[in-house]
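Dropping entry-v7.csv in here (CSV, C-alpha atoms):
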chain,number,residue,atom,x,y,z
A,461,MET,CA,100.6,-2.1,26.3
A,462,GLU,CA,101.6,1.5,26.3
A,463,ASP,CA,100.3,3.8,29.0
A,464,TYR,CA,97.6,6.1,27.7
A,465,VAL,CA,98.2,9.7,28.5
A,466,LEU,CA,95.5,12.3,28.1
A,467,PRO,CA,96.5,15.4,26.0
A,468,GLU,CA,97.4,18.3,28.2
A,469,SER,CA,94.8,20.5,26.3
A,470,LEU,CA,92.1,18.0,27.3
A,471,ILE,CA,93.1,18.0,30.9
A,472,LEU,CA,93.0,21.8,31.0
A,473,ASP,CA,89.6,21.9,29.3
A,474,VAL,CA,88.2,19.5,31.9
A,475,LEU,CA,89.8,21.1,34.9
A,476,SER,CA,88.6,24.6,33.8
A,477,ARG,CA,84.9,23.4,34.0
A,478,LEU,CA,85.1,22.0,37.5
A,479,PRO,CA,83.9,23.8,40.7
A,480,VAL,CA,86.6,25.9,42.3
A,481,LYS,CA,86.7,23.7,45.4
A,482,THR,CA,87.4,20.6,43.2
A,483,ILE,CA,90.1,22.4,41.3
A,484,VAL,CA,91.9,23.3,44.5
A,485,ARG,CA,91.8,19.7,45.5
A,486,CYS,CA,93.1,18.6,42.1
A,487,LYS,CA,96.2,20.8,42.7
A,488,CYS,CA,97.2,18.4,45.4
A,489,VAL,CA,97.1,15.3,43.1
A,490,CYS,CA,100.5,15.8,41.7
A,491,LYS,CA,103.1,18.4,40.8
A,492,LYS,CA,102.1,18.4,37.1
A,493,TRP,CA,98.5,19.2,37.9
A,494,ARG,CA,99.6,21.9,40.3
A,495,ASP,CA,101.7,23.5,37.6
A,496,LEU,CA,98.9,23.2,35.1
A,497,VAL,CA,96.5,25.1,37.3
A,498,SER,CA,99.1,27.8,38.0
A,499,ASP,CA,99.8,28.2,34.3
A,500,THR,CA,98.7,31.5,32.7
A,501,TYR,CA,96.7,29.7,29.9
A,502,PHE,CA,94.7,27.8,32.5
A,503,VAL,CA,94.1,30.9,34.6
A,504,ASP,CA,92.7,32.8,31.6
A,505,LEU,CA,90.7,29.8,30.4
A,506,HIS,CA,89.1,29.2,33.8
A,507,LEU,CA,88.3,32.9,34.3
A,508,SER,CA,86.4,32.9,30.9
A,509,ARG,CA,84.2,30.1,32.2
A,510,SER,CA,84.0,31.1,35.8
A,511,ARG,CA,80.5,31.5,37.1
A,512,PRO,CA,79.6,34.1,39.8
A,513,CYS,CA,79.5,33.0,43.4
A,514,LEU,CA,78.0,34.8,46.4
A,515,MET,CA,80.3,36.3,49.0
A,516,PHE,CA,78.9,36.8,52.5
A,517,HIS,CA,80.6,39.3,54.7
A,518,GLN,CA,79.6,38.6,58.2
A,519,TYR,CA,80.5,40.8,61.2
A,520,LYS,CA,81.2,38.3,64.0
A,521,ASN,CA,83.2,38.5,67.1
A,522,PRO,CA,86.1,38.3,67.6
A,523,HIS,CA,86.8,38.6,63.8
A,524,PRO,CA,84.6,39.2,60.8
A,525,ILE,CA,84.6,36.4,58.2
A,526,LEU,CA,84.1,36.1,54.4
A,527,VAL,CA,82.1,33.1,53.2
A,528,PHE,CA,82.1,32.1,49.5
A,529,VAL,CA,79.4,29.8,48.1
A,530,GLU,CA,78.5,28.6,44.6
A,531,VAL,CA,74.9,29.0,43.7
A,532,GLU,CA,72.8,26.7,41.5
A,533,HIS,CA,69.4,28.0,40.3
A,534,GLU,CA,67.0,25.1,40.1
A,535,VAL,CA,64.2,26.6,38.1
A,536,ASP,CA,61.8,23.6,38.2
A,537,TYR,CA,61.9,23.5,42.0
A,538,ASP,CA,61.9,27.3,42.6
A,539,ARG,CA,65.0,27.2,44.8
A,540,LEU,CA,68.7,28.1,45.0
A,541,THR,CA,71.1,25.5,46.2
A,542,ILE,CA,74.4,26.5,47.5
A,543,GLY,CA,77.7,24.8,47.8
A,544,HIS,CA,80.3,26.0,50.3
A,545,VAL,CA,83.6,27.0,48.6
A,546,LYS,CA,85.6,28.6,51.3
A,547,SER,CA,85.5,30.6,54.6
A,548,LEU,CA,88.1,33.2,55.5
A,549,ASP,CA,88.7,34.5,59.0
A,550,LEU,CA,89.7,38.1,58.6
A,551,GLY,CA,91.5,37.9,61.9
A,552,LEU,CA,94.7,37.4,59.9
A,553,ILE,CA,97.8,39.2,60.9
A,554,ALA,CA,97.0,42.0,58.5
A,555,PHE,CA,93.6,42.6,60.0
A,556,ARG,CA,94.1,42.4,63.7
A,557,SER,CA,92.3,45.4,65.3
A,558,LEU,CA,88.9,46.3,66.5
A,559,ASN,CA,88.1,48.6,63.5
A,560,GLN,CA,85.6,47.5,61.0
A,561,ILE,CA,86.5,46.0,57.6
A,562,PHE,CA,84.5,47.0,54.6
A,563,GLU,CA,84.4,45.5,51.1
A,564,VAL,CA,85.4,47.9,48.3
A,565,GLY,CA,84.8,45.5,45.4
A,566,SER,CA,86.0,42.5,43.5
A,567,ILE,CA,87.1,42.0,39.9
A,568,ASN,CA,88.5,38.9,38.2
A,569,GLY,CA,88.8,37.1,41.5
A,570,LEU,CA,90.7,39.8,43.3
A,571,ILE,CA,89.0,41.3,46.3
A,572,CYS,CA,89.6,44.8,47.7
A,573,LEU,CA,88.9,45.4,51.4
A,574,ARG,CA,89.2,48.6,53.4
A,575,HIS,CA,90.4,48.3,57.0
A,576,GLU,CA,88.9,51.4,58.6
A,577,GLY,CA,91.6,53.7,59.9
A,578,TYR,CA,94.4,51.4,58.8
A,579,ALA,CA,94.9,50.4,55.2
A,580,ILE,CA,93.5,48.9,52.0
A,581,TYR,CA,94.2,45.2,51.1
A,582,ILE,CA,93.9,43.3,47.8
A,583,PHE,CA,94.0,39.5,47.6
A,584,ASN,CA,92.5,36.5,45.9
A,585,PRO,CA,90.7,34.3,48.5
A,586,VAL,CA,91.2,31.2,46.3
A,587,VAL,CA,95.0,31.8,46.3
A,588,VAL,CA,95.2,33.4,49.7
A,589,GLU,CA,98.8,32.8,50.5
A,590,GLU,CA,99.7,36.4,49.8
A,591,TYR,CA,98.0,39.8,49.8
A,592,MET,CA,98.8,43.4,48.9
A,593,ILE,CA,98.8,46.3,51.2
A,594,LEU,CA,98.3,49.7,49.5
A,595,PRO,CA,100.3,52.7,50.8
A,596,GLU,CA,98.8,54.7,53.6
A,597,LEU,CA,96.1,57.3,52.7
A,598,THR,CA,96.1,61.0,53.4
A,599,PHE,CA,94.5,61.9,56.7
A,600,LEU,CA,90.8,62.9,56.6
A,601,ASP,CA,89.1,65.0,59.2
A,602,CYS,CA,85.9,64.1,60.9
A,603,PHE,CA,83.9,66.4,58.6
A,604,SER,CA,84.8,64.4,55.5
A,605,ARG,CA,82.8,61.5,53.9
A,606,VAL,CA,84.5,58.9,51.8
A,607,SER,CA,83.6,56.1,49.4
A,608,TYR,CA,85.7,53.7,47.4
A,609,GLY,CA,85.6,51.7,44.2
A,610,PHE,CA,87.7,49.0,42.6
A,611,GLY,CA,87.9,48.0,38.9
A,612,VAL,CA,90.1,47.4,35.9
A,613,SER,CA,90.4,49.6,32.8
A,614,MET,CA,90.1,48.4,29.2
A,615,GLY,CA,94.0,48.4,29.1
A,616,GLY,CA,94.2,46.0,32.0
A,617,GLU,CA,95.2,48.5,34.8
A,618,TYR,CA,93.6,47.7,38.1
A,619,LYS,CA,92.7,50.8,40.1
A,620,VAL,CA,91.3,51.7,43.5
A,621,ILE,CA,89.3,55.0,43.6
A,622,ARG,CA,88.7,57.1,46.6
A,623,ILE,CA,86.0,59.8,46.5
A,624,ILE,CA,86.2,62.3,49.3
A,625,GLY,CA,83.2,64.5,50.1
A,626,ARG,CA,84.0,67.7,52.1
A,627,ARG,CA,81.2,69.7,53.6
A,628,ILE,CA,80.5,73.0,52.0
A,629,PRO,CA,80.0,75.6,54.8
A,630,GLU,CA,77.5,77.7,53.0
A,631,GLU,CA,75.5,74.6,51.9
A,632,ARG,CA,74.6,72.6,54.9
A,633,PHE,CA,73.7,69.3,53.3
A,634,MET,CA,76.1,69.3,50.3
A,635,ALA,CA,79.7,68.4,49.9
A,636,SER,CA,82.4,69.0,47.3
A,637,VAL,CA,84.1,66.0,45.7
A,638,GLU,CA,87.8,65.2,45.5
A,639,ILE,CA,89.1,62.1,43.8
A,640,GLU,CA,92.2,60.0,44.4
A,641,VAL,CA,93.3,57.1,42.3
A,642,TYR,CA,95.8,54.2,43.0
A,643,THR,CA,96.9,52.2,40.0
A,644,LEU,CA,98.3,48.8,41.0
A,645,GLY,CA,102.0,48.8,40.1
A,646,THR,CA,102.7,52.4,40.8
A,647,ASP,CA,103.0,52.4,44.6
A,648,GLN,CA,101.4,55.8,45.0
A,649,TRP,CA,98.1,57.6,45.2
A,650,ARG,CA,97.3,60.3,42.6
A,651,THR,CA,95.0,63.3,43.3
A,652,LEU,CA,92.8,64.2,40.3
A,653,GLY,CA,91.6,67.3,42.0
A,654,GLN,CA,88.1,68.6,42.6
A,655,SER,CA,85.1,67.5,40.6
A,656,PRO,CA,82.5,70.1,39.4
A,657,TYR,CA,79.8,67.9,41.0
A,658,HIS,CA,78.5,68.0,44.5
A,659,ILE,CA,77.1,65.1,46.6
A,660,GLN,CA,74.7,64.9,49.5
A,661,TYR,CA,76.8,65.3,52.6
A,662,ARG,CA,75.3,62.2,54.3
A,663,GLY,CA,75.4,60.1,51.2
A,664,LEU,CA,77.9,58.1,49.0
A,665,LEU,CA,79.1,55.7,51.7
A,666,VAL,CA,78.4,52.6,49.8
A,667,SER,CA,81.2,51.2,47.7
A,668,GLY,CA,81.0,51.5,43.9
A,669,VAL,CA,79.7,48.9,41.4
A,670,PHE,CA,82.1,47.9,38.6
A,671,VAL,CA,80.8,47.4,35.1
A,672,ASN,CA,82.9,47.4,31.9
A,673,SER,CA,85.8,49.7,32.9
A,674,HIS,CA,83.5,52.0,34.8
A,675,VAL,CA,82.7,52.3,38.5
A,676,TYR,CA,79.3,53.6,39.5
A,677,TRP,CA,77.9,55.0,42.8
A,678,PHE,CA,74.4,55.6,43.8
A,679,ASP,CA,73.6,58.6,46.1
A,680,TYR,CA,70.1,59.7,46.8
A,681,ILE,CA,68.7,59.0,43.3
A,682,GLN,CA,71.9,60.5,41.8
A,683,ILE,CA,74.2,58.2,39.9
A,684,TYR,CA,77.9,59.0,39.5
A,685,ASP,CA,80.2,57.3,36.9
A,686,PHE,CA,84.0,57.1,37.1
A,687,ASP,CA,85.6,56.1,33.8
A,688,LEU,CA,88.7,54.0,34.5
A,689,ASP,CA,90.3,54.7,31.1
A,690,THR,CA,89.9,58.5,30.9
A,691,GLU,CA,89.8,58.9,34.7
A,692,THR,CA,86.8,61.3,34.5
A,693,PHE,CA,84.0,61.6,37.0
A,694,GLU,CA,80.5,62.3,35.6
A,695,LEU,CA,76.9,62.6,36.8
A,696,ILE,CA,74.5,60.4,34.8
A,697,PRO,CA,70.7,60.9,34.9
A,698,PRO,CA,68.7,58.4,36.8
A,699,PRO,CA,65.7,56.6,35.2
A,700,ALA,CA,62.6,58.8,34.8
A,701,GLY,CA,60.3,58.6,37.9
A,702,LEU,CA,62.9,57.0,40.1
A,703,GLY,CA,62.2,59.3,43.0
A,704,ASP,CA,58.4,59.2,42.8
A,705,ASP,CA,58.0,56.5,45.5
A,706,HIS,CA,59.7,57.9,48.6
A,707,GLU,CA,59.4,54.5,50.4
A,708,SER,CA,61.4,52.6,47.8
A,709,LYS,CA,64.6,50.8,48.6
A,710,GLN,CA,67.1,51.2,45.8
A,711,MET,CA,70.4,49.5,44.8
A,712,LEU,CA,72.8,49.3,41.9
A,713,GLY,CA,73.9,45.9,40.6
A,714,VAL,CA,74.9,44.0,37.5
A,715,LEU,CA,72.6,41.8,35.4
A,716,LYS,CA,73.7,40.1,32.2
A,717,GLY,CA,76.8,42.2,32.1
A,718,SER,CA,75.0,45.6,32.3
A,719,LEU,CA,74.6,48.2,35.0
A,720,SER,CA,71.2,47.6,36.6
A,721,LEU,CA,69.1,49.6,39.1
A,722,PHE,CA,66.6,48.0,41.5
A,723,SER,CA,63.9,50.0,43.1
A,724,GLY,CA,61.3,48.3,45.3
A,725,SER,CA,58.6,49.1,47.9
A,726,SER,CA,55.3,47.7,49.1
A,727,LEU,CA,53.8,49.2,45.9
A,728,GLY,CA,55.9,47.1,43.6
A,729,PHE,CA,59.3,46.6,42.0
A,730,ASN,CA,61.2,48.1,39.0
A,731,VAL,CA,64.5,47.0,37.5
A,732,TRP,CA,66.2,49.3,34.9
A,733,VAL,CA,69.1,48.3,32.8
A,734,MET,CA,71.6,50.6,31.2
A,735,LYS,CA,71.9,50.1,27.4
A,736,GLU,CA,73.9,52.4,25.1
A,737,SER,CA,73.9,55.2,27.8
A,738,SER,CA,70.2,55.0,28.3
A,739,TRP,CA,68.0,53.4,30.9
A,740,HIS,CA,65.5,50.8,29.8
A,741,LYS,CA,62.9,49.3,32.2
A,742,ALA,CA,63.5,45.6,32.1
A,743,ILE,CA,61.1,44.4,34.9
A,744,ALA,CA,58.0,45.9,36.5
A,745,ILE,CA,55.9,44.2,39.2
A,746,ARG,CA,52.8,45.8,40.7
A,747,GLU,CA,49.6,43.9,41.7
A,748,THR,CA,51.2,40.5,41.9
A,749,ILE,CA,54.0,41.5,44.3
A,750,TYR,CA,54.9,38.8,46.8
A,751,PRO,CA,53.1,39.4,50.2
A,752,ILE,CA,56.3,39.7,52.3
A,753,PHE,CA,57.3,42.8,50.4
A,754,ARG,CA,54.2,44.6,51.6
A,755,SER,CA,56.0,44.9,54.9
A,756,GLN,CA,58.9,47.3,55.3
A,757,VAL,CA,61.0,44.8,57.1
A,758,TRP,CA,63.3,43.6,54.3
A,759,LYS,CA,66.5,44.8,52.8
A,760,PRO,CA,67.9,44.3,49.2
A,761,LEU,CA,71.4,42.9,49.2
A,762,CYS,CA,72.5,42.1,45.6
A,763,LEU,CA,71.3,41.1,42.1
A,764,ILE,CA,72.5,38.0,40.3
A,765,ASP,CA,71.7,36.3,37.0
A,766,GLY,CA,69.5,33.1,37.2
A,767,LEU,CA,68.9,30.4,34.6
A,768,ASN,CA,66.9,30.9,31.4
A,769,GLY,CA,67.5,34.6,31.3
A,770,THR,CA,65.9,35.2,34.8
A,771,SER,CA,67.1,37.9,37.3
A,772,ILE,CA,67.3,37.2,41.0
A,773,LEU,CA,67.2,39.6,44.0
A,774,ILE,CA,69.0,38.4,47.1
A,775,LEU,CA,67.6,40.0,50.2
A,776,CYS,CA,67.3,39.8,53.9
A,777,VAL,CA,63.7,39.3,55.2
A,778,LYS,CA,62.7,39.7,58.9
A,779,GLU,CA,59.7,37.6,59.9
A,780,ASP,CA,60.0,35.4,63.0
A,781,ARG,CA,63.8,35.6,62.4
A,782,GLU,CA,66.1,37.2,59.8
A,783,ASN,CA,66.8,35.0,56.8
A,784,VAL,CA,68.5,35.5,53.5
A,785,VAL,CA,66.3,34.5,50.6
A,786,GLY,CA,66.3,34.7,46.8
A,787,TYR,CA,63.4,36.3,44.8
A,788,CYS,CA,63.0,35.6,41.1
A,789,LEU,CA,62.0,38.9,39.6
A,790,ASN,CA,60.6,37.2,36.5
A,791,THR,CA,58.4,34.6,38.1
A,792,ASN,CA,57.5,36.5,41.3
A,793,LYS,CA,58.5,33.5,43.4
A,794,ILE,CA,60.6,33.2,46.6
A,795,LEU,CA,63.7,30.9,46.2
A,796,ASP,CA,64.6,29.3,49.4
A,797,LEU,CA,68.3,29.6,50.4
A,798,ASN,CA,67.9,28.5,54.1
A,799,ILE,CA,70.6,30.9,55.3
A,800,PRO,CA,70.2,32.8,58.5
A,801,GLY,CA,71.1,36.5,58.1
A,802,ASN,CA,70.9,39.9,59.7
A,803,TYR,CA,70.6,43.5,58.5
A,804,TRP,CA,74.4,44.0,59.0
A,805,MET,CA,75.3,41.2,56.6
A,806,VAL,CA,76.8,42.3,53.3
A,807,ILE,CA,76.4,40.0,50.3
A,808,SER,CA,77.9,40.6,46.9
A,809,THR,CA,78.7,38.6,43.8
A,810,TYR,CA,82.2,37.2,43.3
A,811,ARG,CA,83.7,35.6,40.3
A,812,PRO,CA,86.4,33.2,41.5
A,813,SER,CA,89.7,32.8,39.7
A,814,PHE,CA,93.2,31.7,40.1
A,815,ILE,CA,94.8,35.0,39.3
A,816,LYS,CA,97.6,35.8,41.7
A,817,THR,CA,97.8,39.1,43.6
A,818,PRO,CA,99.9,41.6,41.6
A,819,LYS,CA,103.6,41.4,42.7
A,820,LEU,CA,103.7,44.7,44.5
A,821,TRP,CA,104.0,45.3,48.2
A,822,ILE,CA,103.1,41.7,49.0
A,823,ARG,CA,103.4,40.3,52.5
A,824,GLU,CA,103.1,36.7,53.2
A,825,SER,CA,100.2,35.7,55.5

Write the structure described by the file as structure tokens, please.
Amino acid sequence: MEDYVLPESLILDVLSRLPVKTIVRCKCVCKKWRDLVSDTYFVDLHLSRSRPCLMFHQYKNPHPILVFVEVEHEVDYDRLTIGHVKSLDLGLIAFRSLNQIFEVGSINGLICLRHEGYAIYIFNPVVVEEYMILPELTFLDCFSRVSYGFGVSMGGEYKVIRIIGRRIPEERFMASVEIEVYTLGTDQWRTLGQSPYHIQYRGLLVSGVFVNSHVYWFDYIQIYDFDLDTETFELIPPPAGLGDDHESKQMLGVLKGSLSLFSGSSLGFNVWVMKESSWHKAIAIRETIYPIFRSQVWKPLCLIDGLNGTSILILCVKEDRENVVGYCLNTNKILDLNIPGNYWMVISTYRPSFIKTPKLWIRES
């Protein structure tokens, strides 16, 4: 009886649908499977089917850690179940110092981290054997404010953006904007010059949000857009009435592949979605707002897509202790995550892949 061999295309199709943790284990089965998972065709196929995970950036002594979990939305039970994928101790050789490490962004499985006062690193936590160190940045004085972004253009060029805000002496609370860009594969930063727009001097410290070849920043109800193809920096108008509620907590995110803006307070929630260069209110909650939000002791962390077209807010809530919970914005129900948290925790969405770090300035870990 002849041995039955599964077609390679079928093996690739099955492997690409498995959880990331299972695929990593499958690489250890045999050399053939390891080579299959490393093949460009499989990498692209898996990425097309990869579902967003949550990435927890926890500041712990002696080293901060990154924790990656897969999330399953169980609609019938009003809960989110999580499956641990990987934890990374950032006390690697590249990160040894007392300075803080900040997340710049992630795209197609690649994560960009900024090591304050040292360098910027790009790596894939699933394929963590190697990482890229970007060239050193120009020195900034203590009167400058800076923010970063990370994304990929329509032409496939990965870019890191640095926005520098320099205080304007005659305008106490305003800063001029200078932009620098690093395109992976060029080994140098480029200066695009000064933007005609000004920012709040104390603002723009949060990293940008990547959506469809654009990176967006939110700064005191102002929204800025950097086009990764044309390398232009523009101010886009916020949704009408965004600044009316002075107690609201606001945050940019991505829902169903579109730029989204969350604004919430004890008076209610709104979620706007950008469609064809215009804001559309997708969700509004008023009288039925969940009781815990009538307190000010909560912090929005990120937005993710749920099942059946729902949208979920991940937030930190402080009651007897600080916990990370999910909140379905469509059903107005709390989704238990059973994860302890704190106000210093940073959570973002992450789409796992098997893309390798670009072959430039790579140092083995």

* What is the CA of Ile774 in chain A to CA of Ser808 in chain A distance in Å? -> 9.2 Å

* Non-local contacts of Ser737 in chain A (12 Å; only C-alpha atoms; under 2 positions in same chain excluded) as a ChimeraX atom specification -> /A:685,696-699,718-720,733-735,739-740

* **Nearest to Val587 in chain A, chosen from A:Ser508, A:Ser673, A:Ser498, A:Thr692, with all atoms listed in the file counted in the distances** =>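 Smallest separation from Val587 in chain A among the options: A:Ser498.
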
* Grab the CA of Lys709 in chain A to CA of Leu763 in chain A distance for me, in Å with one decimal place. =>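 Calculated distance between CA of Lys709 in chain A and CA of Leu763 in chain A is 13.5 Å.
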
* **Shell of 8 Å around Tyr787 in chain A, all atoms listed in the file, local chain residues under 5 positions omitted, as a list in words** =>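 Once the adjacent positions are removed, what remains is Ile772, Leu773, Ile774, Leu775, Asn792, Lys793, Ile794 and Leu795 of chain A.
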
* Asked: Please, which residues are within 6 Å of (91.9, 42.7, 37.9) by the file's coordinates, counting all atoms listed in the file, and could they come as a list of chain:residue names?
  ->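 Looking at atoms near the point gives A:Ile567, A:Asn568, A:Val612, A:Tyr618.
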
* Structure fact -> Using only C-alpha atoms, the best pick from A:Tyr810, A:Thr541, A:Lys492, A:Val535 as closest to Asn790 in chain A would be A:Val535

* Grab the CA of Leu472 in chain A to CA of Val484 in chain A distance for me, in Å with one decimal place. =>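 Separation between CA of Leu472 in chain A and CA of Val484 in chain A: 13.6 Å.
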
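Each of A:Cys490, A:Leu652, A:Ile799, A:Leu702 was checked against Gly786 in chain A using only C-alpha atoms; the smallest atom-to-atom distance is that of A:Ile799.
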
* To do: May I have the residues within 6 Å of range 523-531 of chain A as a ChimeraX atom specification, using all atoms listed in the file and disregarding those fewer than 5 positions away in the same chain?
  => /A:513-518,541-551

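Nearest to Trp649 in chain A of all the residues A:Val675, A:Leu594, A:Val637, A:Ile749 is A:Leu594, counting all atoms listed in the file.
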
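Take the candidates A:Ala744, A:Val564, A:Asn730, A:Gln648 and check each one against Trp677 in chain A using all atoms listed in the file; the shortest distance goes to A:Val564.
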